[in-house]
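Step one of this worksheet: look at the structure below.
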Amino acid sequence: DTEVTQTPKHLVMGMTNKKSLKCEQHMGHRAMYWYKQKAKKPPELMFVYSYEKLSINESVPSRFSPECPNSSLLNLHLHALQPEDSALYLCASSQDGVTLYEQYFGPGTRLTVT
Amino acid sequence: AQSVAQPEDQVNVAEGNPLTVKCTYSVSGNPYLFWYVQYPNRGLQFLLKYITGDNLVKGSYGFEAEFNKSQTSFHLKKPSALVSDSALYFCAVRDDRENTGFQKLVFGTGTRLLVSP
């Protein structure tokens with residue numbers, strides 16, 4: 001199974017809402033990633049978890065809060081977002097984050113902030 | 001820092017014709033290069049990678065890429081394009097993030113491939 005799943009597929013939230021994005025993989029991968037992608041642009045790395053520890057935070061605003069409850073799950077908690085945060089949020093995984101080969105991506109969550 | 005460049009925003013090709021999507025790289029040391037494809041409203045799918053060895057790398061869906069060290073290029077190719085190949089293609093390079101011991105992918109700006117019937 002080479003699948004990374006993400007829920008929900010679409011999310012519309014107001015600027016005062018709190019919501020969470022979820023990502024799951026069952027490939028035994030020990031590194032998981034959150035990316036933000038604007039239309040027709042490459043993905044921008046936000047966070048990397050390696051062995052369930054936050055390894056990289058690319059200076060992401062605190063209104064985005066990642067969580068890795070176990071090696072298969074990755075969450076992204078959202079609070080007080082801005083309209084410019086509207087984007088496709090992609091989760092990915094790889095065998096580990098120290099020696100990176102291919103990453104496997106989920107289908108993404110399309111987020112709209114109103 | 002490592003980087004890749006995709007000089008074409010869009011490539012147009014007729015179905016059945018060969019296609020090439022260009023990528024050049026700038027790295028210190030040995031490059032680790034990747035191609036990904038993204039269909040509309042979907043995540044990225046891994047196509048192929050170059051780590052070391054044979055300069056011609058074969059990947060998924062009939063795609064291949066040629067690593068050229070002298071020209072610092074890693075162009076994606078397919079002998080006969082299909083309409084279903086129409087998508088956004090990203091070249092990427094592995095980058096060792098300073099002082100962390102971790103690695104990440106650095107993506108090019110993407111090239112839209114449009115295959116006409």
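Residue numbers start at 1 in each chain; chains themselves are named A, B, ... in the order of the structure tokens; ligands are numbered from 1 in the order shown.
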- Message: With 7 Å as the limit and counting only C-alpha atoms, what residues in chain B lie close to chain A? Please list them as a ChimeraX atom specification.
- Response: /B:42-46,101-104,107-110
- Determine, counting only C-alpha atoms, which protein, DNA and RNA residues have an atom within 10 Å of an atom of Pro18 of chain B; residues of the same chain fewer than 2 positions away are not included. Present the result as a PyMOL selection string. chain B and resi 13-16+20+77-82
Just the selected residues (N, CA, C and O atoms), exported as a PDB file, in the first residue's frame, please.
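The resulting again.pdb:
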```pdb
ATOM      1  N   VAL B  13       2.382  19.643 -27.090  1.00  0.00           N
ATOM      2  CA  VAL B  13       2.799  18.564 -28.004  1.00  0.00           C
ATOM      3  C   VAL B  13       1.554  17.835 -28.487  1.00  0.00           C
ATOM      4  O   VAL B  13       0.541  17.761 -27.770  1.00  0.00           O
ATOM      5  N   ALA B  14       1.615  17.327 -29.689  1.00  0.00           N
ATOM      6  CA  ALA B  14       0.502  16.552 -30.237  1.00  0.00           C
ATOM      7  C   ALA B  14       0.615  15.101 -29.779  1.00  0.00           C
ATOM      8  O   ALA B  14       1.719  14.559 -29.609  1.00  0.00           O
ATOM      9  N   GLU B  15      -0.532  14.486 -29.585  1.00  0.00           N
ATOM     10  CA  GLU B  15      -0.559  13.087 -29.168  1.00  0.00           C
ATOM     11  C   GLU B  15       0.205  12.229 -30.165  1.00  0.00           C
ATOM     12  O   GLU B  15       0.072  12.391 -31.375  1.00  0.00           O
ATOM     13  N   GLY B  16       1.012  11.317 -29.635  1.00  0.00           N
ATOM     14  CA  GLY B  16       1.811  10.443 -30.479  1.00  0.00           C
ATOM     15  C   GLY B  16       3.207  10.949 -30.751  1.00  0.00           C
ATOM     16  O   GLY B  16       4.089  10.178 -31.144  1.00  0.00           O
ATOM     17  N   THR B  20       9.438  16.392 -24.377  1.00  0.00           N
ATOM     18  CA  THR B  20      10.554  16.688 -23.484  1.00  0.00           C
ATOM     19  C   THR B  20      10.152  17.831 -22.576  1.00  0.00           C
ATOM     20  O   THR B  20       9.664  18.855 -23.052  1.00  0.00           O
ATOM     21  N   LYS B  77      11.465  12.801 -20.496  1.00  0.00           N
ATOM     22  CA  LYS B  77      11.109  12.480 -21.867  1.00  0.00           C
ATOM     23  C   LYS B  77      10.108  11.335 -21.923  1.00  0.00           C
ATOM     24  O   LYS B  77      10.022  10.527 -20.995  1.00  0.00           O
ATOM     25  N   LYS B  78       9.400  11.309 -23.057  1.00  0.00           N
ATOM     26  CA  LYS B  78       8.520  10.176 -23.336  1.00  0.00           C
ATOM     27  C   LYS B  78       8.451  10.031 -24.855  1.00  0.00           C
ATOM     28  O   LYS B  78       8.259  11.033 -25.547  1.00  0.00           O
ATOM     29  N   PRO B  79       8.600   8.843 -25.373  1.00  0.00           N
ATOM     30  CA  PRO B  79       8.669   8.673 -26.832  1.00  0.00           C
ATOM     31  C   PRO B  79       7.367   9.032 -27.555  1.00  0.00           C
ATOM     32  O   PRO B  79       7.409   9.525 -28.679  1.00  0.00           O
ATOM     33  N   SER B  80       6.232   8.779 -26.906  1.00  0.00           N
ATOM     34  CA  SER B  80       4.953   9.004 -27.561  1.00  0.00           C
ATOM     35  C   SER B  80       3.957   9.540 -26.533  1.00  0.00           C
ATOM     36  O   SER B  80       3.557   8.819 -25.621  1.00  0.00           O
ATOM     37  N   ALA B  81       3.583  10.802 -26.679  1.00  0.00           N
ATOM     38  CA  ALA B  81       2.725  11.449 -25.685  1.00  0.00           C
ATOM     39  C   ALA B  81       1.276  11.000 -25.813  1.00  0.00           C
ATOM     40  O   ALA B  81       0.776  10.704 -26.916  1.00  0.00           O
ATOM     41  N   LEU B  82       0.611  10.970 -24.652  1.00  0.00           N
ATOM     42  CA  LEU B  82      -0.813  10.681 -24.575  1.00  0.00           C
ATOM     43  C   LEU B  82      -1.555  11.909 -24.059  1.00  0.00           C
ATOM     44  O   LEU B  82      -0.995  12.683 -23.274  1.00  0.00           O
TER      45      LEU B  82
END
```
- Please provide as a PyMOL selection string all residues within 8 Å of Thr16 of chain A, with the sequence filter that same-chain residues fewer than 6 positions apart are discarded (counting only C-alpha atoms). chain A and resi 79-81
Keeping only N, CA and C atoms, write the selected residues as a PDB file, in the first residue's frame.
```pdb
ATOM      1  N   HIS A  79      -5.920  27.771  13.305  1.00  0.00           N
ATOM      2  CA  HIS A  79      -6.650  28.708  14.168  1.00  0.00           C
ATOM      3  C   HIS A  79      -6.353  30.131  13.732  1.00  0.00           C
ATOM      4  N   ALA A  80      -7.425  30.920  13.610  1.00  0.00           N
ATOM      5  CA  ALA A  80      -7.287  32.338  13.278  1.00  0.00           C
ATOM      6  C   ALA A  80      -6.535  32.542  11.971  1.00  0.00           C
ATOM      7  N   LEU A  81      -6.929  31.791  10.964  1.00  0.00           N
ATOM      8  CA  LEU A  81      -6.251  31.904   9.678  1.00  0.00           C
ATOM      9  C   LEU A  81      -6.673  33.165   8.941  1.00  0.00           C
TER      10      LEU A  81
END
```
- Message: Set the distance at 9 Å and use only C-alpha atoms: which residues neighbour Ser59 of chain A once local chain neighbours fewer than 3 positions away are removed? I'd like the list as JSON, numbers by chain.
- Response: {"A": [46, 47, 56, 62]}
Save the residues we just selected, C-alpha atoms, as an mmCIF file, in the first residue's frame?
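Saved to out.cif:
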```cif
data_model
loop_
_atom_site.group_PDB
_atom_site.id
_atom_site.type_symbol
_atom_site.label_atom_id
_atom_site.label_comp_id
_atom_site.auth_asym_id
_atom_site.auth_seq_id
_atom_site.Cartn_x
_atom_site.Cartn_y
_atom_site.Cartn_z
ATOM 1 C CA MET A 46 6.009 23.850 6.155
ATOM 2 C CA PHE A 47 6.940 21.129 8.649
ATOM 3 C CA ILE A 56 11.980 21.197 10.529
ATOM 4 C CA SER A 62 1.905 30.014 14.882
#
```
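Here atom CA of Val83 of chain B is placed at a distance of 13.9 Å from atom CA of Pro40 of chain B.
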- Message: So the first atom is atom CA of Thr112 of chain A and the second is atom CA of Lys38 of chain A; what is the distance between them in Å, to one decimal place?
- Response: 11.5 Å
- Message: Can you tell me which residues surround Ser72 of chain A at a distance of at most 12 Å, considering only C-alpha atoms, apart from same-chain residues fewer than 3 positions away, and format the answer as a PyMOL selection string?
- Response: chain A and resi 3-6+22-33+49-52+67-69+75+91-95
- Task: Using atom CA of Arg94 of chain B and atom CA of Lys36 of chain A as the two end points, give the distance in Å to one decimal.
- Result: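 Atom CA of Lys36 of chain A lies 18.2 Å from atom CA of Arg94 of chain B.
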